[in-house]
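Heads up, the thing below is written out as structure tokens.
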Amino acid sequence: MAKMMGPRFKTARRLGLNVVGHPKAMDKAKRGTSRADRKLSEYGIQLLEKQRLRNYYNVLEKQFVRYVDAAMKSNEATGPALLNLLELRLDNMVYRMGFATSIRQARQMVNHGHFLVNGSKIDIPSYGLDVGDVIELREKSRKTEMFIDNFSNLQASPLEYISKDVENYKATLLREPQREELPIEINEQLIVEYYSK
């Protein structure tokens, strides 16, 4: 299975935005290291924004294009629909719910079969969640100290669309997130324009 394995901090500095969620990712960033520091054409600005969003969710180009196609065919506005499709991926929700410290770690945990979705084992990181789905750490995986510490101690900003049950190592997706609730700095309209040409 293909996945993004390049240097994360270097990518964040090149994109001029902390897309990896690590507090030290931008420590070495200087003026001129980011593509955003150069004079970009309209196309260049749109391309940069697309690359930022791809790296936020750790998605390869081919898969990203499929998400864009699905968003364009939906009945909602394309930008918010695209963000929702990406936000409701299983690996991302495992990260948002506090089971993992990064999307990369969440993806690996999902791949290794540590989670149940509505009681069934799911090991596909791109699995799309629906409202009301319950994600829980498998009984066997609750013996791993790192997973327990992550879920109990991660002080991620509380998200209104997620409900955590710390005692039972469960979290529930209460509803689809609103655009303003998503903790990402992206102008999705630029991405829609990029793919509309």
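Ordered as shown in the structure tokens, chains take letters A, B, and onward, while each chain numbers its residues from 1 and ligands are numbered from 1 in the order shown.
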Quiz item: Excluding same-chain residues fewer than 2 positions from stretch 100-103 of chain A, what lies within 9 Å of it counting only C-alpha atoms, as a PyMOL selection string?
Solution: chain A and resi 20-22+56-58+91-98+105-109+146-147+150-151+154
Residues from last step as file, N, CA and C atoms, as a PDB file, in the first residue's frame:
```
ATOM      1  N   VAL A  20       1.737  19.087   9.769  1.00  0.00           N
ATOM      2  CA  VAL A  20       1.952  17.798  10.448  1.00  0.00           C
ATOM      3  C   VAL A  20       1.471  17.822  11.890  1.00  0.00           C
ATOM      4  N   GLY A  21       1.134  18.989  12.412  1.00  0.00           N
ATOM      5  CA  GLY A  21       0.581  19.075  13.762  1.00  0.00           C
ATOM      6  C   GLY A  21       1.600  18.952  14.884  1.00  0.00           C
ATOM      7  N   HIS A  22       2.890  18.909  14.553  1.00  0.00           N
ATOM      8  CA  HIS A  22       3.923  18.794  15.594  1.00  0.00           C
ATOM      9  C   HIS A  22       4.356  20.194  16.027  1.00  0.00           C
ATOM     10  N   TYR A  56      -2.034  17.821   5.006  1.00  0.00           N
ATOM     11  CA  TYR A  56      -2.778  17.831   6.277  1.00  0.00           C
ATOM     12  C   TYR A  56      -3.332  16.434   6.567  1.00  0.00           C
ATOM     13  N   TYR A  57      -3.917  15.822   5.522  1.00  0.00           N
ATOM     14  CA  TYR A  57      -4.609  14.536   5.713  1.00  0.00           C
ATOM     15  C   TYR A  57      -3.768  13.342   5.268  1.00  0.00           C
ATOM     16  N   ASN A  58      -2.508  13.606   4.840  1.00  0.00           N
ATOM     17  CA  ASN A  58      -1.588  12.520   4.496  1.00  0.00           C
ATOM     18  C   ASN A  58      -2.149  11.625   3.387  1.00  0.00           C
ATOM     19  N   ASP A  91      -8.579   7.133   9.753  1.00  0.00           N
ATOM     20  CA  ASP A  91      -7.288   7.495  10.369  1.00  0.00           C
ATOM     21  C   ASP A  91      -7.324   8.903  10.956  1.00  0.00           C
ATOM     22  N   ASN A  92      -7.982   9.838  10.253  1.00  0.00           N
ATOM     23  CA  ASN A  92      -8.068  11.204  10.760  1.00  0.00           C
ATOM     24  C   ASN A  92      -8.911  11.274  12.032  1.00  0.00           C
ATOM     25  N   MET A  93     -10.032  10.551  12.070  1.00  0.00           N
ATOM     26  CA  MET A  93     -10.888  10.592  13.252  1.00  0.00           C
ATOM     27  C   MET A  93     -10.222   9.933  14.455  1.00  0.00           C
ATOM     28  N   VAL A  94      -9.427   8.895  14.222  1.00  0.00           N
ATOM     29  CA  VAL A  94      -8.646   8.275  15.313  1.00  0.00           C
ATOM     30  C   VAL A  94      -7.710   9.329  15.908  1.00  0.00           C
ATOM     31  N   TYR A  95      -7.107  10.141  15.038  1.00  0.00           N
ATOM     32  CA  TYR A  95      -6.227  11.237  15.484  1.00  0.00           C
ATOM     33  C   TYR A  95      -7.017  12.313  16.221  1.00  0.00           C
ATOM     34  N   ARG A  96      -8.123  12.749  15.637  1.00  0.00           N
ATOM     35  CA  ARG A  96      -8.932  13.808  16.252  1.00  0.00           C
ATOM     36  C   ARG A  96      -9.513  13.373  17.599  1.00  0.00           C
ATOM     37  N   MET A  97      -9.834  12.090  17.732  1.00  0.00           N
ATOM     38  CA  MET A  97     -10.434  11.588  18.971  1.00  0.00           C
ATOM     39  C   MET A  97      -9.405  11.390  20.080  1.00  0.00           C
ATOM     40  N   GLY A  98      -8.115  11.549  19.732  1.00  0.00           N
ATOM     41  CA  GLY A  98      -7.078  11.501  20.756  1.00  0.00           C
ATOM     42  C   GLY A  98      -6.435  10.145  20.981  1.00  0.00           C
ATOM     43  N   GLN A 105       0.696   8.301  12.987  1.00  0.00           N
ATOM     44  CA  GLN A 105       0.582   7.281  14.031  1.00  0.00           C
ATOM     45  C   GLN A 105      -0.811   6.639  13.982  1.00  0.00           C
ATOM     46  N   ALA A 106      -1.842   7.453  13.763  1.00  0.00           N
ATOM     47  CA  ALA A 106      -3.215   6.941  13.680  1.00  0.00           C
ATOM     48  C   ALA A 106      -3.349   5.956  12.527  1.00  0.00           C
ATOM     49  N   ARG A 107      -2.755   6.308  11.389  1.00  0.00           N
ATOM     50  CA  ARG A 107      -2.822   5.436  10.207  1.00  0.00           C
ATOM     51  C   ARG A 107      -2.191   4.076  10.497  1.00  0.00           C
ATOM     52  N   GLN A 108      -1.036   4.096  11.176  1.00  0.00           N
ATOM     53  CA  GLN A 108      -0.360   2.844  11.504  1.00  0.00           C
ATOM     54  C   GLN A 108      -1.192   2.016  12.479  1.00  0.00           C
ATOM     55  N   MET A 109      -1.807   2.676  13.454  1.00  0.00           N
ATOM     56  CA  MET A 109      -2.643   1.963  14.431  1.00  0.00           C
ATOM     57  C   MET A 109      -3.842   1.300  13.742  1.00  0.00           C
ATOM     58  N   MET A 146       1.127   3.056  25.579  1.00  0.00           N
ATOM     59  CA  MET A 146       1.131   4.265  24.758  1.00  0.00           C
ATOM     60  C   MET A 146      -0.283   4.640  24.320  1.00  0.00           C
ATOM     61  N   PHE A 147      -1.078   3.651  23.903  1.00  0.00           N
ATOM     62  CA  PHE A 147      -2.450   3.930  23.448  1.00  0.00           C
ATOM     63  C   PHE A 147      -3.293   4.487  24.588  1.00  0.00           C
ATOM     64  N   ASN A 150      -2.132   8.056  25.407  1.00  0.00           N
ATOM     65  CA  ASN A 150      -2.614   8.974  24.370  1.00  0.00           C
ATOM     66  C   ASN A 150      -4.064   9.360  24.626  1.00  0.00           C
ATOM     67  N   PHE A 151      -4.921   8.364  24.774  1.00  0.00           N
ATOM     68  CA  PHE A 151      -6.361   8.629  24.865  1.00  0.00           C
ATOM     69  C   PHE A 151      -6.727   9.343  26.158  1.00  0.00           C
ATOM     70  N   LEU A 154      -4.073  13.104  26.095  1.00  0.00           N
ATOM     71  CA  LEU A 154      -3.930  14.087  25.013  1.00  0.00           C
ATOM     72  C   LEU A 154      -4.858  15.269  25.250  1.00  0.00           C
TER      73      LEU A 154
END
```
Contact table stretch 66-104 of chain A vs stretch 174-177 of chain A, cut-off 10 Å, shortest pair per residue, only C-alpha atoms, as JSON lines:
```
{"residue": "A:Pro80", "atom": "CA", "partner": "A:Pro177", "partner_atom": "CA", "distance": 9.6}
{"residue": "A:Leu83", "atom": "CA", "partner": "A:Pro177", "partner_atom": "CA", "distance": 9.4}
{"residue": "A:Asn84", "atom": "CA", "partner": "A:Pro177", "partner_atom": "CA", "distance": 7.1}
{"residue": "A:Leu85", "atom": "CA", "partner": "A:Glu176", "partner_atom": "CA", "distance": 9.8}
{"residue": "A:Glu87", "atom": "CA", "partner": "A:Pro177", "partner_atom": "CA", "distance": 8.2}
{"residue": "A:Leu88", "atom": "CA", "partner": "A:Glu176", "partner_atom": "CA", "distance": 8.1}
```
Those residues you just picked out, can you put them in a file as a PDB file, in the first residue's frame with C-alpha atoms?
```pdb
ATOM      1  CA  PRO A  80     -16.956  21.959   2.387  1.00  0.00           C
ATOM      2  CA  LEU A  83     -13.149  18.801   3.638  1.00  0.00           C
ATOM      3  CA  ASN A  84     -15.851  16.607   5.189  1.00  0.00           C
ATOM      4  CA  LEU A  85     -14.822  13.571   3.109  1.00  0.00           C
ATOM      5  CA  GLU A  87     -12.145  14.790   7.880  1.00  0.00           C
ATOM      6  CA  LEU A  88     -14.348  11.684   8.223  1.00  0.00           C
TER       7      LEU A  88
END
```
Quiz item: What's the 7 Å shell around stretch 112-127 of chain A, counting only C-alpha atoms, without same-chain residues fewer than 6 positions away, as a PyMOL selection string?
Solution: chain A and resi 89-91+133-138+141
Store the residues picked out above in a file with N, CA and C atoms, as a PDB file, in the first residue's frame.
```
ATOM      1  N   ARG A  89     -12.414  10.457   7.377  1.00  0.00           N
ATOM      2  CA  ARG A  89     -11.602   9.247   7.186  1.00  0.00           C
ATOM      3  C   ARG A  89     -11.309   8.645   8.566  1.00  0.00           C
ATOM      4  N   LEU A  90     -11.224   7.335   8.627  1.00  0.00           N
ATOM      5  CA  LEU A  90     -10.995   6.668   9.912  1.00  0.00           C
ATOM      6  C   LEU A  90      -9.673   7.088  10.548  1.00  0.00           C
ATOM      7  N   ASP A  91      -8.579   7.133   9.753  1.00  0.00           N
ATOM      8  CA  ASP A  91      -7.288   7.495  10.369  1.00  0.00           C
ATOM      9  C   ASP A  91      -7.324   8.903  10.956  1.00  0.00           C
ATOM     10  N   ASP A 133     -21.290   6.682  14.255  1.00  0.00           N
ATOM     11  CA  ASP A 133     -20.322   5.589  14.348  1.00  0.00           C
ATOM     12  C   ASP A 133     -19.516   5.697  15.639  1.00  0.00           C
ATOM     13  N   VAL A 134     -19.268   4.543  16.247  1.00  0.00           N
ATOM     14  CA  VAL A 134     -18.495   4.474  17.488  1.00  0.00           C
ATOM     15  C   VAL A 134     -17.167   3.789  17.200  1.00  0.00           C
ATOM     16  N   ILE A 135     -16.087   4.472  17.544  1.00  0.00           N
ATOM     17  CA  ILE A 135     -14.739   3.906  17.378  1.00  0.00           C
ATOM     18  C   ILE A 135     -14.238   3.524  18.767  1.00  0.00           C
ATOM     19  N   GLU A 136     -13.754   2.298  18.889  1.00  0.00           N
ATOM     20  CA  GLU A 136     -13.198   1.904  20.192  1.00  0.00           C
ATOM     21  C   GLU A 136     -11.919   1.116  20.016  1.00  0.00           C
ATOM     22  N   LEU A 137     -11.065   1.243  21.010  1.00  0.00           N
ATOM     23  CA  LEU A 137      -9.809   0.506  21.039  1.00  0.00           C
ATOM     24  C   LEU A 137     -10.123  -0.942  21.394  1.00  0.00           C
ATOM     25  N   ARG A 138      -9.567  -1.885  20.624  1.00  0.00           N
ATOM     26  CA  ARG A 138      -9.828  -3.308  20.892  1.00  0.00           C
ATOM     27  C   ARG A 138      -9.340  -3.700  22.275  1.00  0.00           C
ATOM     28  N   SER A 141      -5.707  -4.396  22.612  1.00  0.00           N
ATOM     29  CA  SER A 141      -4.850  -3.217  22.435  1.00  0.00           C
ATOM     30  C   SER A 141      -4.835  -2.320  23.667  1.00  0.00           C
TER      31      SER A 141
END
```
Practice problem: May I have all residues of stretch 106-195 of chain A that DSSP, computed from the backbone, assigns to strand (DSSP E), given as an MDAnalysis selection string? | Solution: chainID A and resid 115:117 120:121 134:137 162:165 170:173
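Between atom CA of A:Gly79 and atom CA of A:Leu48 there is a distance of 15.8 Å.
Separating atom CA of A:Glu167 from atom CA of A:Ile148 is a distance of 10.1 Å.
When atom CA of A:Leu129 is paired with atom CA of A:Lys62, their separation reads 20.6 Å.
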Exercise. Check the DSSP output for the backbone and give back, as a PyMOL selection string, the residues of stretch 60-142 of chain A in alpha helix (DSSP H).
Key: chain A and resi 61-73+78-87+90-96+103-111
Go ahead and dump the residues you just picked, N, CA and C atoms, as a compact mmCIF listing (two decimals), in the first residue's frame.
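What follows is the written file part.txt:
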```txt
# COMPACT_ATOMS: atom_id res chain seq x y z
N GLU A 61 -1.78 11.83 -4.23
CA GLU A 61 -2.45 12.60 -5.28
C GLU A 61 -3.62 11.86 -5.92
N LYS A 62 -3.40 10.60 -6.28
CA LYS A 62 -4.44 9.84 -6.98
C LYS A 62 -5.70 9.71 -6.11
N GLN A 63 -5.49 9.42 -4.83
CA GLN A 63 -6.62 9.28 -3.91
C GLN A 63 -7.30 10.64 -3.68
N PHE A 64 -6.49 11.70 -3.62
CA PHE A 64 -7.02 13.04 -3.41
C PHE A 64 -7.95 13.44 -4.55
N VAL A 65 -7.56 13.10 -5.78
CA VAL A 65 -8.39 13.41 -6.96
C VAL A 65 -9.74 12.70 -6.86
N ARG A 66 -9.73 11.47 -6.34
CA ARG A 66 -11.00 10.74 -6.16
C ARG A 66 -11.91 11.45 -5.16
N TYR A 67 -11.31 12.00 -4.10
CA TYR A 67 -12.10 12.76 -3.12
C TYR A 67 -12.69 14.02 -3.76
N VAL A 68 -11.89 14.69 -4.60
CA VAL A 68 -12.37 15.90 -5.27
C VAL A 68 -13.53 15.55 -6.20
N ASP A 69 -13.41 14.45 -6.96
CA ASP A 69 -14.48 14.01 -7.87
C ASP A 69 -15.77 13.73 -7.09
N ALA A 70 -15.63 13.03 -5.95
CA ALA A 70 -16.80 12.71 -5.12
C ALA A 70 -17.44 13.98 -4.57
N ALA A 71 -16.61 14.94 -4.17
CA ALA A 71 -17.13 16.21 -3.63
C ALA A 71 -17.88 17.00 -4.70
N MET A 72 -17.36 16.96 -5.94
CA MET A 72 -18.01 17.69 -7.04
C MET A 72 -19.36 17.07 -7.41
N LYS A 73 -19.48 15.74 -7.19
CA LYS A 73 -20.75 15.06 -7.52
C LYS A 73 -21.77 15.14 -6.39
N THR A 78 -18.82 22.25 -3.15
CA THR A 78 -17.67 21.36 -3.35
C THR A 78 -16.62 21.48 -2.26
N GLY A 79 -16.25 22.71 -1.87
CA GLY A 79 -15.20 22.92 -0.88
C GLY A 79 -15.49 22.24 0.45
N PRO A 80 -16.62 22.60 1.11
CA PRO A 80 -16.96 21.96 2.39
C PRO A 80 -17.16 20.44 2.26
N ALA A 81 -17.71 20.00 1.13
CA ALA A 81 -17.92 18.55 0.92
C ALA A 81 -16.58 17.82 0.88
N LEU A 82 -15.59 18.42 0.20
CA LEU A 82 -14.25 17.83 0.12
C LEU A 82 -13.63 17.72 1.52
N LEU A 83 -13.72 18.81 2.29
CA LEU A 83 -13.15 18.80 3.64
C LEU A 83 -13.81 17.75 4.52
N ASN A 84 -15.14 17.61 4.38
CA ASN A 84 -15.85 16.61 5.19
C ASN A 84 -15.43 15.19 4.83
N LEU A 85 -15.27 14.91 3.53
CA LEU A 85 -14.82 13.57 3.11
C LEU A 85 -13.47 13.23 3.71
N LEU A 86 -12.57 14.20 3.72
CA LEU A 86 -11.24 13.98 4.27
C LEU A 86 -11.27 13.89 5.80
N GLU A 87 -12.06 14.75 6.41
CA GLU A 87 -12.15 14.79 7.88
C GLU A 87 -12.73 13.50 8.44
N LEU A 90 -11.22 7.34 8.63
CA LEU A 90 -10.99 6.67 9.91
C LEU A 90 -9.67 7.09 10.55
N ASP A 91 -8.58 7.13 9.75
CA ASP A 91 -7.29 7.50 10.37
C ASP A 91 -7.32 8.90 10.96
N ASN A 92 -7.98 9.84 10.25
CA ASN A 92 -8.07 11.20 10.76
C ASN A 92 -8.91 11.27 12.03
N MET A 93 -10.03 10.55 12.07
CA MET A 93 -10.89 10.59 13.25
C MET A 93 -10.22 9.93 14.46
N VAL A 94 -9.43 8.90 14.22
CA VAL A 94 -8.65 8.27 15.31
C VAL A 94 -7.71 9.33 15.91
N TYR A 95 -7.11 10.14 15.04
CA TYR A 95 -6.23 11.24 15.48
C TYR A 95 -7.02 12.31 16.22
N ARG A 96 -8.12 12.75 15.64
CA ARG A 96 -8.93 13.81 16.25
C ARG A 96 -9.51 13.37 17.60
N ILE A 103 -1.48 12.03 12.57
CA ILE A 103 -2.23 11.24 11.60
C ILE A 103 -1.41 10.03 11.16
N ARG A 104 -0.09 10.20 11.06
CA ARG A 104 0.77 9.06 10.69
C ARG A 104 0.65 7.93 11.71
N GLN A 105 0.70 8.30 12.99
CA GLN A 105 0.58 7.28 14.03
C GLN A 105 -0.81 6.64 13.98
N ALA A 106 -1.84 7.45 13.76
CA ALA A 106 -3.21 6.94 13.68
C ALA A 106 -3.35 5.96 12.53
N ARG A 107 -2.75 6.31 11.39
CA ARG A 107 -2.82 5.44 10.21
C ARG A 107 -2.19 4.08 10.50
N GLN A 108 -1.04 4.10 11.18
CA GLN A 108 -0.36 2.84 11.50
C GLN A 108 -1.19 2.02 12.48
N MET A 109 -1.81 2.68 13.45
CA MET A 109 -2.64 1.96 14.43
C MET A 109 -3.84 1.30 13.74
N VAL A 110 -4.44 2.03 12.80
CA VAL A 110 -5.58 1.47 12.06
C VAL A 110 -5.12 0.29 11.21
N ASN A 111 -4.00 0.45 10.51
CA ASN A 111 -3.46 -0.63 9.67
C ASN A 111 -3.20 -1.90 10.46
```
